[in-house]
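To start, the structure itself, in C-alpha cells.
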Amino acid sequence: FSGLRKDKRNELIDLYLELGGTQDSYYGQNPKQLKKMQKMMKKMMVDFWAGFGGMSEAFFQSPGWDVLRIDNNPLLSEVPQMVLADCMTLEPYNLGTNLQIEYVHCSFPCTEFSQAFNAPGPNAKRQGLEFKPDLRPALKAIELIERIKPKYWSFENVKGSIPHLTPILGEPAIIIGSHVFWGNFPRFKYNLPLEFKKDMDKRHSPLRANYRAKIPLGISKVMLNAIESQKCITDY
C-alpha cells in the first residue's frame, strides 16, 4: 500500500479496524476485499410506495445502509435508488438483494383515507353515499412484512386512516403532525418543527400528491437514530 495516498491509506485502515481487524494485521489486506466486506456488513432498508423517498432519505445518506426505493410512477424514476415496480404485485424475491433486510417502510397511498375536500370519502359523504376505503394496499403491506420478516418495520398514513387501519394494525405507535405511524420500531420523541402541507404543495405539478405526502428528513433521521441506538440481548 506504499503507493496509496496517505489519506486513502488512512481511510482503508479505518475501514479495516471498523470491520474488526487490528492495526498490526492490516498490512497485506486487499483493498477490494475490504470494500466487499464493508458492503456485506451494510444494513438494508426497503421503502415501498416510496414517492420522493422521504422516509428513507437519512438511511440513504448513511454510509452504513443500503436503500431500495420502490414506486410505480415513472415520473419518480430519477429519485436515487428508485426501482419502478408495482408494490401491489411485487414478490419479495423480486427485490434482488443478498443483504439481510433490517427495516421495511410502507407509505401506501392516502387518497382513500384523506379528509381533503375533493378526496373520495368527503365527496361520497356530500352526495349521501356510503364510502368504504380500499384496504388492499394495507393488506399487501402486511403481507410483505410477514414474508420479508425484517427486524423493524413501519407503516405511515394520514390521520383519516386511523379508524380504518386501527382494526387491522392496532393503535398507532406514534403521531407526528399529520403523519401517523404503526409498526415495530424503537419509540422516539420528535421535537423539531414540521413543514405545513401547504408549504410543500406544488399545485400544478403532476407529482403534487407526492410533494404533499413526502415525509420530512427530520423524521427519517430520528428513526435512523432510534434503530441504530437500539440494543438487543444478542448484541452483548
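Letters A, B, ... go to the chains of the C-alpha cells in the order shown; residues in each chain start at 1; ligands are counted from 1 in the same order.
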(message) Can you pull out the residues contacting range 134-144 of chain A? Cut-off 8 Å, using only C-alpha atoms, and skip same-chain residues under 6 positions away; I want them as a VMD selection string.
(response) chain A and resid 88 91 to 92 106 108 to 109 112 165
(message) Just want the 6 Å neighbourhood of Asp47 in chain A, counted on only C-alpha atoms, with same-chain residues fewer than 2 positions away dropped. Output as a PyMOL selection string.
(response) chain A and resi 50+69+105
Export N, CA, C and O atoms of the chosen residues as a compact mmCIF listing (two decimals), in the first residue's frame?
# COMPACT_ATOMS: atom_id res chain seq x y z
N ALA A 50 -42.57 4.49 -2.25
CA ALA A 50 -41.57 5.41 -1.71
C ALA A 50 -41.83 6.87 -2.04
O ALA A 50 -41.39 7.75 -1.31
N ARG A 69 -35.67 1.80 -3.03
CA ARG A 69 -36.95 2.51 -3.08
C ARG A 69 -37.78 1.94 -4.21
O ARG A 69 -37.28 1.72 -5.32
N HIS A 105 -40.24 0.02 5.28
CA HIS A 105 -41.23 1.07 5.49
C HIS A 105 -42.23 1.06 4.34
O HIS A 105 -41.86 0.87 3.19
(request) Within 9 Å of range 115-125 of chain A, counting only C-alpha atoms, which residues show up once you throw out same-chain ones fewer than 6 positions away? Write them as a VMD selection string, please. (result) chain A and resid 131 to 133 158 to 160
Taking the DSSP secondary structure from the backbone, can you list the residues of range 13-224 of chain A that are strand (DSSP E), as a JSON list (two decimals) with N, CA and C atoms, in the first residue's frame?
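Wrote selection_36.json, looks like this:
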[["chain", "number", "residue", "atom", "x", "y", "z"],
["A", 43, "LYS", "N", -26.42, -2.60, 6.35],
["A", 43, "LYS", "CA", -27.80, -2.98, 6.58],
["A", 43, "LYS", "C", -28.65, -2.49, 5.41],
["A", 44, "MET", "N", -29.79, -3.14, 5.23],
["A", 44, "MET", "CA", -30.65, -2.81, 4.10],
["A", 44, "MET", "C", -31.99, -2.27, 4.57],
["A", 45, "MET", "N", -32.43, -1.19, 3.96],
["A", 45, "MET", "CA", -33.79, -0.68, 4.16],
["A", 45, "MET", "C", -34.51, -0.72, 2.82],
["A", 46, "VAL", "N", -35.77, -1.16, 2.84],
["A", 46, "VAL", "CA", -36.61, -1.13, 1.65],
["A", 46, "VAL", "C", -37.78, -0.19, 1.91],
["A", 47, "ASP", "N", -37.98, 0.75, 1.00],
["A", 47, "ASP", "CA", -39.01, 1.78, 1.12],
["A", 47, "ASP", "C", -40.07, 1.52, 0.04],
["A", 48, "PHE", "N", -41.19, 0.91, 0.43],
["A", 48, "PHE", "CA", -42.27, 0.62, -0.52],
["A", 48, "PHE", "C", -43.20, 1.83, -0.64],
["A", 65, "TRP", "N", -25.79, 1.97, 5.48],
["A", 65, "TRP", "CA", -27.04, 1.41, 4.97],
["A", 65, "TRP", "C", -27.07, 1.42, 3.44],
["A", 66, "ASP", "N", -27.72, 0.41, 2.89],
["A", 66, "ASP", "CA", -28.14, 0.41, 1.50],
["A", 66, "ASP", "C", -29.66, 0.60, 1.49],
["A", 67, "VAL", "N", -30.15, 1.31, 0.51],
["A", 67, "VAL", "CA", -31.58, 1.62, 0.42],
["A", 67, "VAL", "C", -32.12, 1.19, -0.94],
["A", 68, "LEU", "N", -33.30, 0.60, -0.92],
["A", 68, "LEU", "CA", -34.02, 0.26, -2.13],
["A", 68, "LEU", "C", -35.38, 0.94, -2.06],
["A", 69, "ARG", "N", -35.67, 1.80, -3.03],
["A", 69, "ARG", "CA", -36.95, 2.51, -3.08],
["A", 69, "ARG", "C", -37.78, 1.94, -4.21],
["A", 70, "ILE", "N", -39.06, 1.73, -3.93],
["A", 70, "ILE", "CA", -39.94, 1.11, -4.93],
["A", 70, "ILE", "C", -41.20, 1.93, -5.09],
["A", 71, "ASP", "N", -41.49, 2.29, -6.32],
["A", 71, "ASP", "CA", -42.72, 3.01, -6.65],
["A", 71, "ASP", "C", -43.03, 2.73, -8.12],
["A", 82, "MET", "N", -34.20, 4.34, -6.90],
["A", 82, "MET", "CA", -35.59, 4.01, -7.22],
["A", 82, "MET", "C", -35.67, 2.84, -8.20],
["A", 83, "VAL", "N", -36.55, 1.90, -7.90],
["A", 83, "VAL", "CA", -36.89, 0.82, -8.81],
["A", 83, "VAL", "C", -38.37, 0.97, -9.15],
["A", 84, "LEU", "N", -38.67, 1.07, -10.43],
["A", 84, "LEU", "CA", -40.06, 1.23, -10.84],
["A", 84, "LEU", "C", -40.74, -0.14, -10.86],
["A", 101, "ILE", "N", -32.55, -7.80, 5.09],
["A", 101, "ILE", "CA", -33.33, -6.58, 5.16],
["A", 101, "ILE", "C", -33.64, -6.27, 6.62],
["A", 102, "GLU", "N", -33.09, -5.19, 7.10],
["A", 102, "GLU", "CA", -33.20, -4.80, 8.51],
["A", 102, "GLU", "C", -34.49, -4.04, 8.78],
["A", 103, "TYR", "N", -34.89, -3.20, 7.83],
["A", 103, "TYR", "CA", -36.00, -2.28, 8.07],
["A", 103, "TYR", "C", -36.82, -2.11, 6.79],
["A", 104, "VAL", "N", -38.13, -2.22, 6.92],
["A", 104, "VAL", "CA", -39.06, -2.01, 5.80],
["A", 104, "VAL", "C", -40.04, -0.92, 6.19],
["A", 105, "HIS", "N", -40.24, 0.02, 5.28],
["A", 105, "HIS", "CA", -41.23, 1.07, 5.49],
["A", 105, "HIS", "C", -42.23, 1.06, 4.34],
["A", 106, "CYS", "N", -43.50, 1.29, 4.66],
["A", 106, "CYS", "CA", -44.56, 1.35, 3.66],
["A", 106, "CYS", "C", -45.41, 2.60, 3.87],
["A", 152, "TYR", "N", -37.20, -4.50, 11.84],
["A", 152, "TYR", "CA", -38.05, -3.35, 12.12],
["A", 152, "TYR", "C", -38.93, -3.05, 10.92],
["A", 153, "TRP", "N", -40.11, -2.53, 11.18],
["A", 153, "TRP", "CA", -40.98, -2.12, 10.07],
["A", 153, "TRP", "C", -41.89, -0.99, 10.54],
["A", 154, "SER", "N", -42.35, -0.20, 9.57],
["A", 154, "SER", "CA", -43.28, 0.88, 9.88],
["A", 154, "SER", "C", -44.20, 1.13, 8.70],
["A", 155, "PHE", "N", -45.43, 1.52, 9.03],
["A", 155, "PHE", "CA", -46.41, 1.98, 8.05],
["A", 155, "PHE", "C", -46.71, 3.44, 8.39],
["A", 156, "GLU", "N", -46.94, 4.26, 7.37],
["A", 156, "GLU", "CA", -47.29, 5.66, 7.61],
["A", 156, "GLU", "C", -48.47, 6.05, 6.74],
["A", 157, "ASN", "N", -49.38, 6.83, 7.34],
["A", 157, "ASN", "CA", -50.51, 7.35, 6.57],
["A", 157, "ASN", "C", -51.05, 8.60, 7.26],
["A", 174, "ILE", "N", -46.95, 6.10, 16.87],
["A", 174, "ILE", "CA", -46.54, 7.50, 17.01],
["A", 174, "ILE", "C", -47.34, 8.35, 16.02],
["A", 175, "ILE", "N", -47.74, 9.53, 16.45],
["A", 175, "ILE", "CA", -48.36, 10.50, 15.55],
["A", 175, "ILE", "C", -47.51, 11.77, 15.59],
["A", 176, "ILE", "N", -47.01, 12.17, 14.43],
["A", 176, "ILE", "CA", -46.18, 13.36, 14.31],
["A", 176, "ILE", "C", -46.84, 14.29, 13.31],
["A", 179, "HIS", "N", -48.60, 12.94, 10.19],
["A", 179, "HIS", "CA", -48.03, 11.62, 9.87],
["A", 179, "HIS", "C", -48.32, 10.64, 11.00],
["A", 180, "VAL", "N", -49.04, 9.57, 10.67],
["A", 180, "VAL", "CA", -49.42, 8.55, 11.65],
["A", 180, "VAL", "C", -48.62, 7.29, 11.36],
["A", 181, "PHE", "N", -47.95, 6.75, 12.38],
["A", 181, "PHE", "CA", -47.09, 5.58, 12.20],
["A", 181, "PHE", "C", -47.60, 4.39, 13.01],
["A", 182, "TRP", "N", -47.59, 3.24, 12.36],
["A", 182, "TRP", "CA", -47.77, 1.95, 13.02],
["A", 182, "TRP", "C", -46.48, 1.16, 12.81],
["A", 183, "GLY", "N", -46.25, 0.15, 13.63],
["A", 183, "GLY", "CA", -45.13, -0.73, 13.32],
["A", 183, "GLY", "C", -44.36, -1.24, 14.51],
["A", 184, "ASN", "N", -43.28, -1.91, 14.18],
["A", 184, "ASN", "CA", -42.35, -2.47, 15.17],
["A", 184, "ASN", "C", -41.02, -1.74, 15.01]]
(message) Let me make sure I understand: among A:Phe59, A:Phe185, A:Phe113, A:Phe52, which one has the smallest atom-to-atom distance to Glu78 in chain A if we use only C-alpha atoms?
(response)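 Going through A:Phe59, A:Phe185, A:Phe113, A:Phe52 one by one, the smallest distance to Glu78 in chain A is for A:Phe52.
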(request) Mind giving me the straight-line distance from CA of Cys87 in chain A to CA of Trp49 in chain A in Å, one decimal? (result)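 CA of Trp49 in chain A lies at a distance of 6.7 Å from CA of Cys87 in chain A.
Checking A:Ala209, A:Ile227, A:Ile215, A:Leu90 one by one against Phe188 in chain A, counting only C-alpha atoms, you find the shortest gap at A:Ile227.
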